[in-house]
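Enquirer: Dropping a structure here in structure tokens format, bear with me for questions.
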Amino acid sequence: MSTNQPSTVLTSRQQIAVVVVAAAVVGAVLAPSVYASTNDPDDTVAVVEIEGPVNTALADDVESELADIRANGSVGAVVLKIDTPGGAPVASERMYKAVQRTSEQMTVIASVQSISASGGYYAMAPADEIYVLPTSTVGSIGLNARAPQTTSPVQGPSGPDKAGSNEIQSWAKQQTLADTFIDAMMAERGDEFRMPREEVAKANVYLGTEAVQNGFADEIGSLNEAIHAAATAESLGEYRVDTRETGPDTGFPILLRTDTQVVAVHANDPGYGDVEPMGLTYVHLEAVPHVDTVERFSESDLDADRGGSPAGATGNDTARLSGGVDA
Amino acid sequence: MSQLRTLAAVFVVTVAAITGGAALTGYATADGAAPAPEIQNDHYLDEDLVANGTPGQATVEMEAATRSQTVLVDPGVEPQGAAPVSPLALLGLGSPSVADRDIRPLANALIQNGHDVGVYVPDPDQQRRPAAPGGEQGPTQLGERLAGADAFVTFRTDYDEAQLDEIESFVDSGGHVIVATEPGAAFDQPGAAALDATLGVTTEPGYVYNMEENDLNYQRVYAEPAGDSDAALTEGVDRAVLPSATPVGTTDAGSDVLRPIEGSELSTTRASAEAPLLVRSDGVVMVGDSDFLSPENAARADNDALIGNLADFLVTNDRTPPGPGGQQAPTGPTGPTGPDQPPAEPSENETAG
């Protein structure tokens, strides 16, 4: 080997240097993501969608998403995108507890779309702020129930309350269910409500414009404004939005009411397993269509003339209803 | 070969040092997982939260010591098999009838004190029989039953003109009448105004509720004796529970017996409800509720005392019905009668229930 010729072979030192440089480049590429995964900067606003009737499946999802958000350090604030007329009491309470827990840890802002009433209002009440649109509907703090009826005695069950109950005891139970809800709302927003408990307990609903005046909501604003407010409250600066859908994505269940109660329907052509009686509900009844109305509009031979004879249509639909659910 | 190993080792060590350093730095500077916040929801633990569902007890007692009286009850039963009088009945909106158990506390008190209780159930065959044109109109089925009664309790309002005349004659002859209506009656019963006019009583549309103080539901309102109320009807009654009450009134002054307690409001006006819920005008008592007579509700507040007082009111009347053979029916109407006016029937209905 001649020393005059430029060597094309690197010395071992040079080789090591090249390798080190290459490794440094690789490391530099990896470092940010490694750093991020261990450091978790608070740079995300999570939007949790709570839409449709409040039921177990929805509560499952909301609980799980909010638990994930609380454990995920990259989420700095939460916005609840909410649009529900309410539903089952226990599912409402579960979401309430999950929102309450999350609100202890970070800013939670509820952004009401068209409606957040009854059980929906229950769920979002622990939020730091409630944003509504001018024509959103909020309120309906109370229990929906039938008057307890004394029924004919039933023989067979092991105890008097197994199949049937005392009318007065049932009234007491319903009142307790209502008071549980109302007390929770007074605890959460009693300072904001500009009306006494008795007025809240009337279970009225309010449009957004009125709600920001009487304390049922805090601000008029859209979802984007709620997201920005949440990010600002947590000083996130640059943030990204992570939308998390909850509940079944099939469009079901839908809530319908009969003359006597509210039912959740889980399929378009429901069989016996697809209709779930709801009994006592935290629901805003006016937002739940009557089964007669739905059936009338889903008739295949619907024509304009039938709409003009409500008596006939009612008779027909009542007969269909009393015959049970079309399988 | 060893050179290659050295290079590989150097590569691994360098990458590991950089990424490890980054990981360590991130870990060291990360906020530790926050402990689960302690949340106390005291509003769920309030001892007063659980409403008291103890049903209570009722003791209905009568004080009046009169000879055996006959009390006729019209529970509002449509004649079975008959064509419904009202087109509303076709829609299932006929007058809501009162079941036997619903008035048991009152009926039992009367029976235990030796009085007769009759229940008026129209006979569809008679109901359908048309009156002979130009023929003399006799008493209606109701008129026949009223003729043998001393007192009358009714839960319906849709009487025809002939029946209204008979009821009016019954009252004029000293018979005592209790009319128990409901807030919903104005929605599904035609003709309430005609009965009210006959008896000189009034009702207001809507129901009374109380958000501040009630018996387990805002519509189950408490009523208390009005200041100058009839002492006989309010004896032993500090408060009564009326589960769904509509305001009532009379044309007479000083007729108020029970008024809703303070804080009560009327559903239609959302304003303070001060109109009475139970009034008495001579021989007529009008009460804006019928549910308070049921066994469950008789056990609430002083409803049992109120029911006993009403039983006394029924039997302390000035009426002396004719004997079984007497045909002293209430004076028949002179004007046109309803199409369902039955002809005079010689048969007599038993008044004992």
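Letters A, B, ... mark the chains of the structure tokens in the order given; residue numbers begin at 1 per chain; ligand numbers begin at 1, in order shown.
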Please identify every residue of chain B that has at least one atom no farther than 7 Å from an atom of chain A, counting only C-alpha atoms, and for each give the shortest atom pair and the distance in Å to one decimal, arranged by chain then increasing number, as a tab-separated table.
Expert:
residue	atom	partner	partner_atom	distance
B:Leu7	CA	A:Ile16	CA	6.1
B:Val10	CA	A:Val20	CA	6.9
B:Phe11	CA	A:Ala23	CA	5.5
B:Thr14	CA	A:Ala23	CA	5.9
B:Val15	CA	A:Gly27	CA	5.1
B:Ile18	CA	A:Gly27	CA	5.6
B:Thr19	CA	A:Ala31	CA	5.3
B:Ala22	CA	A:Tyr35	CA	5.2
B:Ala23	CA	A:Tyr35	CA	5.4
B:Gly26	CA	A:Asn39	CA	4.3
B:Tyr27	CA	A:Thr38	CA	5.2
B:Thr29	CA	A:Asn39	CA	6.5
B:Ala30	CA	A:Asn39	CA	4.7
B:Pro37	CA	A:Glu104	CA	6.7
B:His43	CA	A:Ala184	CA	5.9
B:Tyr44	CA	A:Thr180	CA	6.6
B:Leu49	CA	A:Thr176	CA	6.3
B:Val50	CA	A:Thr176	CA	5.2
B:Ala51	CA	A:Ala172	CA	5.1
B:Asn52	CA	A:Ala172	CA	6.0
B:Gly53	CA	A:Gln169	CA	4.3
B:Thr54	CA	A:Gln169	CA	6.6
B:Pro55	CA	A:Ile168	CA	5.5
B:Met211	CA	A:Glu198	CA	5.4
B:Glu212	CA	A:Glu198	CA	6.1
B:Leu216	CA	A:Ala172	CA	5.6
B:Asn217	CA	A:Gln175	CA	6.4
B:Glu296	CA	A:Glu167	CA	6.9
Enquirer: Taking the DSSP secondary structure from the backbone, can you list the residues of stretch 167-217 of chain A that are alpha helix (DSSP H), as a ChimeraX atom specification?
Expert: /A:167-189,197-200,208-214
Enquirer: For the residues in the current selection, export N, CA and C atoms as a compact mmCIF listing (two decimals), in the first residue's frame.
Expert:
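Once everything was written out, this is selection_2.txt:
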# COMPACT_ATOMS: atom_id res chain seq x y z
N GLU A 167 -99.10 1.37 47.35
CA GLU A 167 -99.15 2.62 46.60
C GLU A 167 -98.32 3.73 47.26
N ILE A 168 -98.45 3.83 48.58
CA ILE A 168 -97.75 4.89 49.29
C ILE A 168 -96.24 4.65 49.26
N GLN A 169 -95.84 3.39 49.42
CA GLN A 169 -94.41 3.09 49.34
C GLN A 169 -93.86 3.44 47.96
N SER A 170 -94.66 3.19 46.94
CA SER A 170 -94.20 3.52 45.59
C SER A 170 -94.08 5.03 45.40
N TRP A 171 -95.04 5.77 45.97
CA TRP A 171 -94.93 7.23 45.91
C TRP A 171 -93.65 7.69 46.58
N ALA A 172 -93.35 7.07 47.73
CA ALA A 172 -92.15 7.46 48.47
C ALA A 172 -90.89 7.16 47.67
N LYS A 173 -90.89 6.01 47.00
CA LYS A 173 -89.71 5.64 46.21
C LYS A 173 -89.52 6.63 45.06
N GLN A 174 -90.60 6.97 44.40
CA GLN A 174 -90.50 7.91 43.29
C GLN A 174 -90.03 9.28 43.77
N GLN A 175 -90.53 9.68 44.92
CA GLN A 175 -90.12 10.98 45.43
C GLN A 175 -88.64 10.97 45.80
N THR A 176 -88.18 9.83 46.34
CA THR A 176 -86.77 9.71 46.68
C THR A 176 -85.91 9.79 45.43
N LEU A 177 -86.34 9.11 44.37
CA LEU A 177 -85.60 9.15 43.11
C LEU A 177 -85.54 10.58 42.57
N ALA A 178 -86.63 11.29 42.67
CA ALA A 178 -86.65 12.68 42.20
C ALA A 178 -85.73 13.54 43.06
N ASP A 179 -85.84 13.38 44.38
CA ASP A 179 -85.03 14.20 45.28
C ASP A 179 -83.54 13.94 45.12
N THR A 180 -83.18 12.67 44.85
CA THR A 180 -81.77 12.34 44.63
C THR A 180 -81.20 13.18 43.50
N PHE A 181 -81.93 13.25 42.44
CA PHE A 181 -81.54 14.01 41.25
C PHE A 181 -81.48 15.51 41.59
N ILE A 182 -82.56 16.00 42.17
CA ILE A 182 -82.65 17.44 42.43
C ILE A 182 -81.57 17.87 43.42
N ASP A 183 -81.37 17.06 44.47
CA ASP A 183 -80.33 17.39 45.45
C ASP A 183 -78.95 17.45 44.81
N ALA A 184 -78.68 16.48 43.92
CA ALA A 184 -77.38 16.47 43.25
C ALA A 184 -77.19 17.73 42.41
N MET A 185 -78.25 18.14 41.74
CA MET A 185 -78.16 19.34 40.90
C MET A 185 -77.98 20.59 41.77
N MET A 186 -78.68 20.61 42.93
CA MET A 186 -78.52 21.75 43.82
C MET A 186 -77.09 21.79 44.36
N ALA A 187 -76.52 20.61 44.63
CA ALA A 187 -75.14 20.56 45.14
C ALA A 187 -74.17 21.03 44.07
N GLU A 188 -74.42 20.67 42.83
CA GLU A 188 -73.49 21.04 41.75
C GLU A 188 -73.67 22.49 41.32
N ARG A 189 -74.91 22.91 41.17
CA ARG A 189 -75.15 24.21 40.56
C ARG A 189 -76.08 25.09 41.38
N ARG A 197 -84.95 25.95 45.13
CA ARG A 197 -85.03 24.52 44.84
C ARG A 197 -86.42 24.14 44.31
N GLU A 198 -87.46 24.73 44.90
CA GLU A 198 -88.83 24.37 44.49
C GLU A 198 -89.05 24.68 43.01
N GLU A 199 -88.45 25.76 42.55
CA GLU A 199 -88.62 26.14 41.15
C GLU A 199 -87.82 25.19 40.25
N VAL A 200 -86.61 24.83 40.69
CA VAL A 200 -85.81 23.87 39.93
C VAL A 200 -86.58 22.55 39.82
N GLY A 208 -81.42 28.11 25.49
CA GLY A 208 -80.10 28.59 25.86
C GLY A 208 -80.08 30.04 26.29
N THR A 209 -80.81 30.87 25.55
CA THR A 209 -80.81 32.30 25.87
C THR A 209 -81.32 32.55 27.29
N GLU A 210 -82.32 31.78 27.70
CA GLU A 210 -82.85 31.95 29.05
C GLU A 210 -81.96 31.25 30.08
N ALA A 211 -81.39 30.11 29.66
CA ALA A 211 -80.59 29.30 30.59
C ALA A 211 -79.37 30.06 31.11
N VAL A 212 -78.76 30.91 30.24
CA VAL A 212 -77.60 31.65 30.71
C VAL A 212 -78.00 32.76 31.67
N GLN A 213 -79.29 33.07 31.67
CA GLN A 213 -79.75 34.09 32.62
C GLN A 213 -80.17 33.48 33.95
N ASN A 214 -80.75 32.28 33.90
CA ASN A 214 -81.24 31.71 35.15
C ASN A 214 -80.27 30.71 35.77
Enquirer: What does the distance from atom CA of A:Tyr272 to atom CA of A:Glu295 come to in Å, to one decimal?
Expert: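 According to the coordinates, atom CA of A:Tyr272 and atom CA of A:Glu295 are separated by 16.9 Å.
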Enquirer: So how many Å separate atom CA of A:Asp274 and atom CA of A:Tyr96, to one decimal?
Expert: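 Calculated distance between atom CA of A:Asp274 and atom CA of A:Tyr96 is 26.7 Å.
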Enquirer: For B:Leu146, which of B:Val71, B:Ala185, B:Leu258, B:Leu106 is the closest residue, counting only C-alpha atoms?
Expert: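 Of all the options, B:Val71 lies closest to B:Leu146.
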